[in-house]
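This is my_file.csv. It holds CSV, C-alpha atoms.
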```csv
chain,number,residue,atom,x,y,z
P,1,MET,CA,23.6,15.9,34.5
P,2,GLN,CA,27.1,15.8,35.9
P,3,ILE,CA,29.5,14.7,33.2
P,4,PRO,CA,32.5,12.7,34.6
P,5,LYS,CA,36.0,13.2,33.2
P,6,THR,CA,36.1,9.6,32.0
P,7,ALA,CA,33.1,10.1,29.7
P,8,ILE,CA,33.5,9.3,26.0
P,9,GLU,CA,33.2,12.7,24.2
P,10,LEU,CA,31.8,12.7,20.7
P,11,ARG,CA,30.7,15.7,18.5
P,12,GLY,CA,27.2,15.5,19.8
P,13,TYR,CA,27.2,13.4,22.9
P,14,PHE,CA,28.9,12.5,26.2
P,15,THR,CA,28.6,8.8,27.0
P,16,TRP,CA,29.7,6.9,30.1
P,17,MET,CA,28.9,4.0,32.4
P,18,GLY,CA,27.7,5.0,35.9
P,19,ASP,CA,28.8,3.2,39.0
P,20,ASP,CA,25.2,2.1,39.5
P,21,GLY,CA,25.3,0.0,36.3
P,22,ILE,CA,23.2,2.5,34.3
P,23,CYS,CA,24.8,3.8,31.1
P,24,ARG,CA,24.3,7.6,30.4
P,25,THR,CA,24.4,9.5,27.2
P,26,CYS,CA,23.8,13.2,27.1
P,27,VAL,CA,23.3,15.4,24.1
P,28,LYS,CA,25.5,18.5,24.0
P,29,PRO,CA,23.7,21.8,24.0
P,30,ASN,CA,22.1,22.9,20.7
P,31,THR,CA,23.3,19.9,18.8
P,32,ASP,CA,21.8,19.0,15.4
P,33,ILE,CA,22.1,15.2,15.5
P,34,SER,CA,23.1,13.8,12.2
P,35,ILE,CA,23.4,10.2,11.1
P,36,GLU,CA,27.1,10.3,11.9
P,37,ASP,CA,26.4,11.4,15.4
P,38,ALA,CA,23.8,8.7,15.8
P,39,VAL,CA,26.1,5.9,14.6
P,40,SER,CA,29.1,7.1,16.7
P,41,ASN,CA,26.7,7.3,19.8
P,42,THR,CA,25.6,3.7,19.2
P,43,LEU,CA,29.3,2.6,18.9
P,44,ALA,CA,30.1,4.4,22.1
P,45,VAL,CA,27.2,2.9,24.0
P,46,THR,CA,27.8,-0.6,22.8
P,47,SER,CA,31.6,-0.3,23.6
P,48,LEU,CA,30.6,-0.2,27.3
P,49,PHE,CA,29.1,-3.7,27.2
P,50,VAL,CA,31.0,-6.3,29.1
P,51,ASP,CA,28.9,-9.3,29.8
P,52,ARG,CA,25.4,-8.0,30.7
P,53,LYS,CA,22.8,-5.8,29.0
P,54,PHE,CA,22.5,-2.5,30.8
P,55,PRO,CA,19.8,0.2,31.0
P,56,LEU,CA,20.5,3.5,29.2
P,57,LEU,CA,19.7,6.9,30.4
P,58,ILE,CA,19.4,9.4,27.5
P,59,ASP,CA,19.4,13.1,28.3
P,60,SER,CA,18.1,14.7,25.2
P,61,THR,CA,17.1,18.0,26.8
P,62,ALA,CA,19.6,20.1,24.9
P,63,VAL,CA,19.0,18.6,21.5
P,64,LYS,CA,18.2,21.2,18.8
P,65,SER,CA,17.2,18.8,16.0
P,66,MET,CA,17.7,15.2,14.8
P,67,SER,CA,17.8,14.2,11.2
P,68,TYR,CA,15.4,11.7,9.7
P,69,GLU,CA,18.3,9.3,9.0
P,70,ALA,CA,19.5,9.6,12.6
P,71,ARG,CA,16.0,8.8,13.9
P,72,THR,CA,15.8,5.9,11.5
P,73,HIS,CA,19.2,4.6,12.8
P,74,PHE,CA,17.9,4.7,16.4
P,75,SER,CA,14.7,3.0,15.4
P,76,VAL,CA,16.3,-0.1,13.9
P,77,ARG,CA,17.4,-1.9,17.0
P,78,ASN,CA,21.0,-0.8,16.8
P,79,ARG,CA,21.5,-0.4,20.5
P,80,GLU,CA,19.1,-2.9,21.9
P,81,THR,CA,21.4,-5.9,21.6
P,82,LYS,CA,23.5,-4.4,24.5
P,83,THR,CA,20.8,-2.5,26.3
P,84,CYS,CA,17.7,-3.6,28.2
P,85,ALA,CA,15.8,-0.4,28.9
P,86,PHE,CA,15.7,3.3,27.9
P,87,GLY,CA,14.9,6.2,30.2
P,88,ILE,CA,14.7,9.5,28.2
P,89,ILE,CA,14.9,12.9,29.8
P,90,ILE,CA,12.8,15.4,27.9
P,91,ARG,CA,12.9,18.8,29.6
P,92,SER,CA,12.8,21.0,26.5
P,93,SER,CA,10.0,21.4,24.0
P,94,VAL,CA,12.1,20.0,21.2
P,95,SER,CA,13.2,16.9,23.2
P,96,ARG,CA,9.6,16.3,24.3
P,97,VAL,CA,8.6,16.1,20.6
P,98,LEU,CA,11.6,13.9,19.8
P,99,GLY,CA,10.9,11.6,22.7
P,100,ASN,CA,7.3,11.1,21.8
P,101,PHE,CA,8.3,10.5,18.1
P,102,TYR,CA,10.7,7.8,19.3
P,103,LEU,CA,8.0,6.1,21.4
P,104,GLY,CA,5.3,6.4,18.7
P,105,ILE,CA,7.1,5.9,15.5
P,106,SER,CA,10.3,4.0,16.3
P,107,LYS,CA,8.6,1.7,18.8
P,108,PRO,CA,11.7,0.5,20.7
P,109,SER,CA,11.7,-3.2,21.6
P,110,VAL,CA,13.0,-2.7,25.1
P,111,PRO,CA,11.0,-1.0,27.9
P,112,THR,CA,11.2,2.8,27.3
P,113,LYS,CA,9.9,5.7,29.3
P,114,LEU,CA,10.0,9.5,29.1
P,115,PHE,CA,10.9,11.6,32.2
P,116,ASP,CA,11.1,15.2,33.0
P,117,ASN,CA,13.8,14.7,35.6
P,118,GLU,CA,16.9,12.6,36.2
P,119,THR,CA,16.0,11.3,39.6
P,120,ASP,CA,12.8,9.6,38.5
P,121,ALA,CA,14.5,8.2,35.4
P,122,ILE,CA,17.3,6.6,37.4
P,123,GLN,CA,14.9,5.2,40.0
P,124,TRP,CA,12.9,3.6,37.1
P,125,LEU,CA,16.0,2.3,35.3
P,126,THR,CA,17.5,0.7,38.5
P,127,GLN,CA,15.1,-2.2,38.2
P,128,PHE,CA,16.8,-3.2,35.0
P,129,VAL,CA,20.3,-3.3,36.3
P,130,ASN,CA,21.8,-6.8,36.4
P,131,ILE,CA,18.7,-8.6,35.3
P,132,SER,CA,19.7,-10.0,31.9
P,133,GLY,CA,22.6,-11.5,30.1
P,134,GLY,CA,24.3,-10.4,26.9
P,135,ASN,CA,24.1,-11.8,23.4
X,1,MET,CA,1.1,22.7,27.8
X,2,GLY,CA,-1.2,25.3,26.2
X,3,ILE,CA,-0.6,28.6,24.3
X,4,ASP,CA,-1.6,31.8,26.0
X,5,PHE,CA,-2.5,33.8,22.8
X,6,SER,CA,-2.7,37.1,24.7
X,7,LYS,CA,1.1,36.8,25.3
X,8,ILE,CA,2.1,36.1,21.8
X,9,SER,CA,4.6,38.7,20.7
X,10,LEU,CA,5.1,40.1,17.2
X,11,SER,CA,8.2,37.8,16.7
X,12,ASP,CA,6.2,34.8,17.9
X,13,ASN,CA,3.5,35.8,15.4
X,14,THR,CA,6.1,35.8,12.6
X,15,ARG,CA,7.4,32.4,13.7
X,16,ALA,CA,3.9,31.0,13.9
X,17,ASN,CA,3.3,32.2,10.4
X,18,GLU,CA,6.5,30.6,9.2
X,19,ILE,CA,5.4,27.3,10.7
X,20,LEU,CA,2.1,27.7,8.9
X,21,GLU,CA,3.9,28.3,5.6
X,22,VAL,CA,5.9,25.1,6.1
X,23,ILE,CA,2.7,23.1,6.9
X,24,LEU,CA,1.1,24.5,3.7
X,25,SER,CA,4.1,23.4,1.6
X,26,PHE,CA,3.9,19.9,3.1
X,27,ALA,CA,0.2,19.9,2.1
X,28,ARG,CA,1.3,20.7,-1.5
X,29,GLN,CA,3.8,17.8,-1.3
X,30,ASP,CA,6.7,20.2,-1.3
X,31,PHE,CA,9.1,19.1,1.4
X,32,ASP,CA,12.0,21.5,0.7
X,33,LYS,CA,11.0,24.0,3.3
X,34,LYS,CA,11.8,23.4,7.0
X,35,VAL,CA,10.9,25.4,10.2
X,36,GLU,CA,14.0,27.1,11.5
X,37,ILE,CA,14.8,25.8,15.1
X,38,ILE,CA,16.4,28.6,17.1
X,39,GLY,CA,17.2,26.5,20.2
X,40,ASP,CA,15.7,28.9,22.7
X,41,ASP,CA,13.4,26.2,24.2
X,42,HIS,CA,10.4,28.2,23.2
X,43,LEU,CA,7.2,26.3,22.7
X,44,LEU,CA,7.3,27.4,19.0
X,45,ASP,CA,10.6,25.6,18.7
X,46,GLY,CA,8.9,22.4,19.9
X,47,ILE,CA,6.0,22.9,17.5
X,48,GLY,CA,8.4,23.7,14.6
X,49,SER,CA,10.5,20.7,15.4
X,50,GLY,CA,7.4,18.5,15.4
X,51,VAL,CA,6.3,19.9,12.1
X,52,ASN,CA,9.7,19.2,10.6
X,53,MET,CA,9.7,15.6,11.8
X,54,LEU,CA,6.1,15.0,10.6
X,55,GLY,CA,7.1,16.5,7.2
X,56,GLU,CA,10.0,14.1,7.0
X,57,GLU,CA,7.9,11.1,7.9
X,58,LEU,CA,5.2,12.2,5.4
X,59,GLN,CA,7.8,12.7,2.7
X,60,HIS,CA,9.3,9.2,3.2
X,61,SER,CA,5.9,7.6,3.4
X,62,THR,CA,5.0,9.3,0.1
X,63,ILE,CA,8.2,8.2,-1.6
X,64,SER,CA,7.7,4.6,-0.3
X,65,LEU,CA,4.1,4.6,-1.5
X,66,LYS,CA,5.1,5.8,-5.0
X,67,GLU,CA,7.8,3.2,-5.2
X,68,LYS,CA,5.3,0.5,-4.3
X,69,GLU,CA,2.8,1.8,-6.8
X,70,GLN,CA,5.5,1.7,-9.5
X,71,LEU,CA,6.4,-1.8,-8.5
X,72,LEU,CA,2.7,-2.9,-8.7
X,73,LYS,CA,2.4,-1.3,-12.1
X,74,GLU,CA,5.4,-3.2,-13.3
X,75,ILE,CA,4.0,-6.5,-12.0
X,76,HIS,CA,0.7,-6.0,-13.7
X,77,HIS,CA,2.6,-5.0,-16.9
X,78,ARG,CA,4.7,-8.2,-16.7
X,79,VAL,CA,1.8,-10.4,-15.9
X,80,LYS,CA,-0.1,-9.0,-18.9
X,81,ASN,CA,3.0,-9.4,-21.2
X,82,ASN,CA,3.4,-13.0,-20.0
X,83,MET,CA,-0.2,-13.8,-20.7
X,84,GLN,CA,0.1,-12.2,-24.1
X,85,ILE,CA,3.1,-14.4,-24.8
X,86,ILE,CA,1.1,-17.5,-23.9
X,87,SER,CA,-1.8,-16.3,-26.1
X,88,SER,CA,0.6,-15.7,-29.0
X,89,LEU,CA,2.1,-19.2,-28.5
X,90,LEU,CA,-1.4,-20.7,-28.8
X,91,SER,CA,-2.0,-18.5,-31.9
X,92,LEU,CA,1.2,-19.8,-33.5
X,93,GLN,CA,0.2,-23.4,-32.7
X,94,SER,CA,-3.1,-22.7,-34.3
X,95,ASP,CA,-1.3,-22.0,-37.6
X,96,SER,CA,-0.2,-25.6,-37.8
X,97,VAL,CA,-3.5,-27.2,-36.9
X,98,GLU,CA,-6.2,-28.0,-39.4
X,99,ASP,CA,-8.7,-29.9,-37.1
X,100,GLU,CA,-11.6,-27.5,-36.4
X,101,LYS,CA,-12.1,-28.9,-32.9
X,102,VAL,CA,-8.5,-28.4,-31.9
X,103,LEU,CA,-8.6,-24.9,-33.5
X,104,SER,CA,-11.7,-24.1,-31.5
X,105,VAL,CA,-10.2,-25.3,-28.2
X,106,LEU,CA,-7.0,-23.2,-28.9
X,107,ARG,CA,-9.1,-20.1,-29.7
X,108,GLU,CA,-11.2,-20.5,-26.5
X,109,SER,CA,-8.1,-20.9,-24.4
X,110,ARG,CA,-6.6,-17.8,-26.0
X,111,ASN,CA,-9.7,-15.8,-25.4
X,112,ARG,CA,-9.8,-16.8,-21.7
X,113,ILE,CA,-6.2,-15.8,-21.3
X,114,ASN,CA,-6.9,-12.5,-23.1
X,115,SER,CA,-9.8,-11.7,-20.9
X,116,MET,CA,-7.5,-11.9,-17.9
X,117,ALA,CA,-4.6,-10.1,-19.6
X,118,LEU,CA,-7.0,-7.2,-20.3
X,119,VAL,CA,-7.7,-6.9,-16.5
X,120,HIS,CA,-4.0,-6.5,-15.8
X,121,GLU,CA,-3.5,-4.1,-18.7
X,122,MET,CA,-6.3,-1.9,-17.5
X,123,LEU,CA,-5.1,-2.1,-13.9
X,124,TYR,CA,-1.6,-0.7,-14.7
X,125,LYS,CA,-3.2,2.0,-16.9
X,126,SER,CA,-5.7,2.9,-14.2
X,127,LYS,CA,-5.1,5.8,-11.8
X,128,ASP,CA,-5.2,4.0,-8.5
X,129,LEU,CA,-4.0,0.6,-9.7
X,130,SER,CA,-6.7,-1.2,-7.9
X,131,GLN,CA,-10.0,-0.5,-9.7
X,132,ILE,CA,-11.2,-0.9,-13.2
X,133,ALA,CA,-14.0,0.9,-14.9
X,134,LEU,CA,-16.4,-2.0,-15.7
X,135,ARG,CA,-18.0,-0.4,-18.8
X,136,GLU,CA,-14.7,0.3,-20.5
X,137,TYR,CA,-13.5,-3.3,-19.7
X,138,ILE,CA,-16.7,-4.9,-21.1
X,139,GLU,CA,-16.6,-2.9,-24.3
X,140,SER,CA,-12.9,-3.7,-25.0
X,141,LEU,CA,-13.4,-7.4,-24.1
X,142,SER,CA,-16.5,-8.0,-26.1
X,143,ILE,CA,-15.0,-6.4,-29.2
X,144,SER,CA,-11.9,-8.4,-28.8
X,145,ILE,CA,-13.8,-11.6,-28.5
X,146,ARG,CA,-15.9,-10.8,-31.6
X,147,ARG,CA,-12.7,-10.1,-33.5
X,148,SER,CA,-11.3,-13.5,-32.5
X,149,TYR,CA,-14.2,-15.3,-34.1
X,150,ALA,CA,-13.8,-13.2,-37.3
X,151,LEU,CA,-17.1,-14.3,-38.7
X,152,PRO,CA,-17.1,-13.2,-42.3
X,153,ASP,CA,-20.2,-11.2,-43.4
X,154,SER,CA,-21.7,-11.3,-40.0
X,155,VAL,CA,-23.5,-8.4,-38.4
X,156,ILE,CA,-23.5,-9.1,-34.7
X,157,GLU,CA,-23.9,-5.9,-32.6
X,158,PHE,CA,-23.4,-5.3,-28.9
X,159,CYS,CA,-25.8,-3.2,-26.8
X,160,TYR,CA,-24.5,-2.0,-23.5
X,161,ASP,CA,-26.4,-0.8,-20.5
X,162,ILE,CA,-23.7,-0.3,-18.0
X,163,PRO,CA,-23.3,2.7,-15.8
X,164,ASP,CA,-20.0,4.7,-16.2
X,165,ASP,CA,-19.3,4.9,-12.5
X,166,ILE,CA,-19.0,1.2,-11.6
X,167,TYR,CA,-15.5,0.1,-10.7
X,168,PHE,CA,-14.3,-3.4,-9.5
X,169,ASN,CA,-11.1,-4.7,-8.2
X,170,ILE,CA,-9.1,-7.6,-9.7
X,171,ASP,CA,-10.7,-10.2,-7.4
X,172,ARG,CA,-14.1,-9.5,-9.0
X,173,MET,CA,-13.0,-8.5,-12.4
X,174,ILE,CA,-11.2,-11.7,-13.3
X,175,PRO,CA,-14.3,-13.9,-12.8
X,176,ILE,CA,-16.6,-11.3,-14.4
X,177,GLY,CA,-14.3,-11.2,-17.4
X,178,LEU,CA,-14.3,-15.0,-17.7
X,179,ILE,CA,-18.1,-15.2,-17.4
X,180,LEU,CA,-18.4,-12.5,-20.1
X,181,ASN,CA,-15.9,-14.4,-22.3
X,182,GLU,CA,-17.8,-17.7,-22.0
X,183,SER,CA,-21.2,-16.3,-22.5
X,184,ILE,CA,-20.3,-14.0,-25.4
X,185,SER,CA,-18.3,-16.8,-27.0
X,186,ASN,CA,-21.3,-19.1,-26.7
X,187,SER,CA,-23.6,-16.6,-28.4
X,188,LEU,CA,-21.1,-16.0,-31.2
X,189,LYS,CA,-20.6,-19.7,-31.8
X,190,TYR,CA,-24.2,-21.0,-31.5
X,191,ALA,CA,-26.8,-18.3,-31.4
X,192,PHE,CA,-26.7,-16.8,-34.9
X,193,PRO,CA,-26.7,-19.3,-37.8
X,194,GLU,CA,-27.9,-16.4,-39.9
X,195,LYS,CA,-24.9,-14.3,-38.7
X,196,ARG,CA,-27.1,-11.5,-37.6
X,197,GLY,CA,-28.2,-10.5,-34.1
X,198,PHE,CA,-27.7,-8.6,-30.9
X,199,ILE,CA,-25.8,-9.4,-27.7
X,200,ASN,CA,-27.0,-7.3,-24.8
X,201,ILE,CA,-24.9,-6.7,-21.8
X,202,SER,CA,-26.2,-4.9,-18.8
X,203,LEU,CA,-25.3,-4.3,-15.2
X,204,LYS,CA,-27.7,-3.1,-12.5
X,205,ASN,CA,-26.8,-2.1,-9.0
X,206,ARG,CA,-29.7,-3.2,-6.8
X,207,GLU,CA,-29.3,-2.1,-3.2
X,208,LYS,CA,-26.8,-4.7,-1.9
X,209,GLU,CA,-26.1,-6.6,-5.0
X,210,TYR,CA,-25.2,-6.4,-8.7
X,211,VAL,CA,-27.0,-8.1,-11.5
X,212,LEU,CA,-25.0,-8.8,-14.6
X,213,VAL,CA,-27.1,-9.9,-17.6
X,214,ILE,CA,-25.7,-11.2,-20.8
X,215,GLY,CA,-28.3,-12.2,-23.4
X,216,ASP,CA,-28.6,-12.7,-27.1
X,217,ASN,CA,-31.6,-12.7,-29.5
X,218,GLY,CA,-30.4,-15.9,-31.2
X,219,ILE,CA,-32.0,-19.3,-31.8
X,220,GLY,CA,-31.6,-20.3,-28.1
X,221,LEU,CA,-30.7,-23.7,-26.7
X,222,LYS,CA,-32.4,-26.9,-27.9
X,223,GLU,CA,-35.8,-27.4,-26.3
X,224,ASP,CA,-34.7,-30.4,-24.2
X,225,PHE,CA,-31.5,-28.8,-23.1
X,226,ASN,CA,-30.6,-30.0,-19.6
X,227,VAL,CA,-28.0,-28.0,-17.7
X,228,GLU,CA,-26.8,-31.0,-15.7
X,229,ARG,CA,-26.6,-33.3,-18.8
X,230,ASP,CA,-25.8,-31.1,-21.7
X,231,SER,CA,-23.6,-28.4,-20.2
X,232,HIS,CA,-20.2,-28.0,-21.9
X,233,LEU,CA,-17.1,-26.5,-20.4
X,234,GLY,CA,-18.2,-23.0,-21.0
X,235,ILE,CA,-21.4,-23.2,-19.0
X,236,GLN,CA,-19.7,-25.2,-16.3
X,237,LEU,CA,-17.1,-22.4,-16.1
X,238,ILE,CA,-19.8,-19.8,-15.8
X,239,HIS,CA,-21.3,-21.8,-12.8
X,240,MET,CA,-17.9,-22.1,-11.1
X,241,LEU,CA,-17.1,-18.4,-11.7
X,242,THR,CA,-20.5,-17.3,-10.3
X,243,GLU,CA,-19.7,-19.3,-7.1
X,244,GLN,CA,-16.4,-17.5,-7.0
X,245,LEU,CA,-18.3,-14.2,-6.9
X,246,ASP,CA,-20.5,-15.6,-4.1
X,247,GLY,CA,-23.4,-15.2,-6.5
X,248,SER,CA,-26.2,-17.1,-8.2
X,249,LEU,CA,-26.8,-17.8,-11.8
X,250,GLU,CA,-30.0,-17.9,-13.7
X,251,LEU,CA,-30.1,-19.3,-17.3
X,252,LYS,CA,-33.1,-18.3,-19.4
X,253,ASN,CA,-33.9,-19.9,-22.8
X,254,LYS,CA,-36.5,-17.7,-24.2
X,255,MET,CA,-36.1,-15.6,-27.4
X,256,GLY,CA,-32.4,-16.4,-27.2
X,257,VAL,CA,-30.2,-17.3,-24.2
X,258,THR,CA,-29.8,-15.0,-21.2
X,259,TYR,CA,-27.4,-15.4,-18.3
X,260,SER,CA,-28.2,-13.5,-15.2
X,261,VAL,CA,-25.5,-13.4,-12.5
X,262,ASN,CA,-26.5,-11.9,-9.2
X,263,PHE,CA,-23.5,-11.1,-6.9
```
How does the structure come out when it is put into structure tokens?
Amino acid sequence: MQIPKTAIELRGYFTWMGDDGICRTCVKPNTDISIEDAVSNTLAVTSLFVDRKFPLLIDSTAVKSMSYEARTHFSVRNRETKTCAFGIIIRSSVSRVLGNFYLGISKPSVPTKLFDNETDAIQWLTQFVNISGGN
Amino acid sequence: MGIDFSKISLSDNTRANEILEVILSFARQDFDKKVEIIGDDHLLDGIGSGVNMLGEELQHSTISLKEKEQLLKEIHHRVKNNMQIISSLLSLQSDSVEDEKVLSVLRESRNRINSMALVHEMLYKSKDLSQIALREYIESLSISIRRSYALPDSVIEFCYDIPDDIYFNIDRMIPIGLILNESISNSLKYAFPEKRGFINISLKNREKEYVLVIGDNGIGLKEDFNVERDSHLGIQLIHMLTEQLDGSLELKNKMGVTYSVNF
């Protein structure tokens, strides 16, 4: 995933809005995601909201681990007021486990799908661009 | 994605053993250990990370379950205490009453409340908070009812034939307790003018139903006793409670009175 210079850089993530209306958030290599990382990621993602909910592409391939508290934070509808779909890239064994945990245990309330490549993920997320208003 | 066991190296073997050790600690409800994630995108990293996450989920579910059990215990304890307060209030009121009929009504009400309070008491003392050992309950209840009647110079014995391994939940135990309370009270009040006798309580498990039998060897009901016409509140309650158990009631008036409740 190409990280643009305008991306918001946090301890564990890069986050930015793509020209195609799809928001991206990419985990930095070998990051242990803590609750602080999760909360700051949510703030970064929601700060990109203008007037319409947007789809979010999450590249979690490089994640090393995610704490229980961080997973709980992501499971309690913190980002779903500003987002309308999640595409999660899971190319590593840890991210595959994490992605499946997210689908199975957290049960996101917006359409969510796991992918092993960025192209398919973007193609799927495109259908959610400009389809819903904000709240 | 499968594991090619022929290609497992010595270090993989060590890592697999470490993961196994962590799983075994989780099985012992020890959640301090974690699998070390190296970050080399090895399959064992994925397995280890899954084990860690499942352990965390299990730990939090266990804690949440323990908290709920504690809360339930507390609720049963409070319900029992509140019922005991009501019972004590009725007892205090009895002290200022001289009319035998009123005293009897107050005592009967107290016993009914106590039979339900005992269910809650036994529930919070029980291991799984949902089941009560029937035999233990019946023995405690019957002795408590006999004590409440405090018949001087009386020799009224209880005989139990109840298996040790029968457990019921609160939905069944409350009506069973009240049925026992009414039938035992009736026997203690009316069956033994000579103040001597036996009250037999048995429970049989017959294929798909239970049969609870409470009988005495007292003087029995008067010969022209008619259930519809002569039943007092106690017998009416036994009928109602039997219906609550989706059961049927049989009342025998031969060599004493016997109630058989099939449910």
What are the residues of chain X lining chain P at 12 Å or less? Count all atoms listed in the file, and put the answer as an mmCIF file with C-alpha atoms, in the coordinates of the input.
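Output file selection-v3.cif is given in full below:
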```cif
data_model
loop_
_atom_site.group_PDB
_atom_site.id
_atom_site.type_symbol
_atom_site.label_atom_id
_atom_site.label_comp_id
_atom_site.auth_asym_id
_atom_site.auth_seq_id
_atom_site.Cartn_x
_atom_site.Cartn_y
_atom_site.Cartn_z
ATOM 1 C CA MET X 1 1.100 22.700 27.800
ATOM 2 C CA LYS X 34 11.800 23.400 7.000
ATOM 3 C CA VAL X 35 10.900 25.400 10.200
ATOM 4 C CA GLU X 36 14.000 27.100 11.500
ATOM 5 C CA ILE X 37 14.800 25.800 15.100
ATOM 6 C CA ILE X 38 16.400 28.600 17.100
ATOM 7 C CA GLY X 39 17.200 26.500 20.200
ATOM 8 C CA ASP X 40 15.700 28.900 22.700
ATOM 9 C CA ASP X 41 13.400 26.200 24.200
ATOM 10 C CA HIS X 42 10.400 28.200 23.200
ATOM 11 C CA LEU X 43 7.200 26.300 22.700
ATOM 12 C CA LEU X 44 7.300 27.400 19.000
ATOM 13 C CA ASP X 45 10.600 25.600 18.700
ATOM 14 C CA GLY X 46 8.900 22.400 19.900
ATOM 15 C CA ILE X 47 6.000 22.900 17.500
ATOM 16 C CA GLY X 48 8.400 23.700 14.600
ATOM 17 C CA SER X 49 10.500 20.700 15.400
ATOM 18 C CA GLY X 50 7.400 18.500 15.400
ATOM 19 C CA VAL X 51 6.300 19.900 12.100
ATOM 20 C CA ASN X 52 9.700 19.200 10.600
ATOM 21 C CA MET X 53 9.700 15.600 11.800
ATOM 22 C CA LEU X 54 6.100 15.000 10.600
ATOM 23 C CA GLY X 55 7.100 16.500 7.200
ATOM 24 C CA GLU X 56 10.000 14.100 7.000
ATOM 25 C CA GLU X 57 7.900 11.100 7.900
ATOM 26 C CA LEU X 58 5.200 12.200 5.400
ATOM 27 C CA GLN X 59 7.800 12.700 2.700
ATOM 28 C CA HIS X 60 9.300 9.200 3.200
#
```
(Q) Report as a list in words all protein, DNA and RNA residues lying within 8 Å of Ala38 (chain P), evaluated on all atoms listed in the file, omitting residues in the same chain fewer than 6 positions from it. (A)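 So the residues in contact are Ala70, His73 and Phe74 of chain P.
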Q | For Pro4 (chain P), the nearest of the candidates P:Ala121, P:Ser106, P:Cys26, P:Gly21, counting all atoms listed in the file | A |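 Checking each of P:Ala121, P:Ser106, P:Cys26, P:Gly21 against Pro4 (chain P), counting all atoms listed in the file, the winner is P:Cys26.
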(Q) Report, in Å with one decimal, the straight-line distance from CA of Glu207 (chain X) to CA of Ser183 (chain X). (A) 25.3 Å
Q. Counting all atoms listed in the file, what is within 10 Å of Leu123 (chain X), bar same-chain residues fewer than 4 positions away, as a ChimeraX atom specification?
A. /X:72-73,76-77,80,117-119,127-133,169-170
Q: Around the point (10.6, 0.4, 22.2) in the file's coordinates, collect all residues with an atom within 12 Å, using all atoms listed in the file, and return them as a PyMOL selection string.
A: chain P and resi 74-80+83-88+99-114
Export of prior selection with C-alpha atoms as a PDB file, in the frame of the given file:
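Below you can see out12.pdb, which holds the result:
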```pdb
ATOM      1  CA  PHE P  74      17.900   4.700  16.400  1.00  0.00           C
ATOM      2  CA  SER P  75      14.700   3.000  15.400  1.00  0.00           C
ATOM      3  CA  VAL P  76      16.300  -0.100  13.900  1.00  0.00           C
ATOM      4  CA  ARG P  77      17.400  -1.900  17.000  1.00  0.00           C
ATOM      5  CA  ASN P  78      21.000  -0.800  16.800  1.00  0.00           C
ATOM      6  CA  ARG P  79      21.500  -0.400  20.500  1.00  0.00           C
ATOM      7  CA  GLU P  80      19.100  -2.900  21.900  1.00  0.00           C
ATOM      8  CA  THR P  83      20.800  -2.500  26.300  1.00  0.00           C
ATOM      9  CA  CYS P  84      17.700  -3.600  28.200  1.00  0.00           C
ATOM     10  CA  ALA P  85      15.800  -0.400  28.900  1.00  0.00           C
ATOM     11  CA  PHE P  86      15.700   3.300  27.900  1.00  0.00           C
ATOM     12  CA  GLY P  87      14.900   6.200  30.200  1.00  0.00           C
ATOM     13  CA  ILE P  88      14.700   9.500  28.200  1.00  0.00           C
ATOM     14  CA  GLY P  99      10.900  11.600  22.700  1.00  0.00           C
ATOM     15  CA  ASN P 100       7.300  11.100  21.800  1.00  0.00           C
ATOM     16  CA  PHE P 101       8.300  10.500  18.100  1.00  0.00           C
ATOM     17  CA  TYR P 102      10.700   7.800  19.300  1.00  0.00           C
ATOM     18  CA  LEU P 103       8.000   6.100  21.400  1.00  0.00           C
ATOM     19  CA  GLY P 104       5.300   6.400  18.700  1.00  0.00           C
ATOM     20  CA  ILE P 105       7.100   5.900  15.500  1.00  0.00           C
ATOM     21  CA  SER P 106      10.300   4.000  16.300  1.00  0.00           C
ATOM     22  CA  LYS P 107       8.600   1.700  18.800  1.00  0.00           C
ATOM     23  CA  PRO P 108      11.700   0.500  20.700  1.00  0.00           C
ATOM     24  CA  SER P 109      11.700  -3.200  21.600  1.00  0.00           C
ATOM     25  CA  VAL P 110      13.000  -2.700  25.100  1.00  0.00           C
ATOM     26  CA  PRO P 111      11.000  -1.000  27.900  1.00  0.00           C
ATOM     27  CA  THR P 112      11.200   2.800  27.300  1.00  0.00           C
ATOM     28  CA  LYS P 113       9.900   5.700  29.300  1.00  0.00           C
ATOM     29  CA  LEU P 114      10.000   9.500  29.100  1.00  0.00           C
TER      30      LEU P 114
END
```
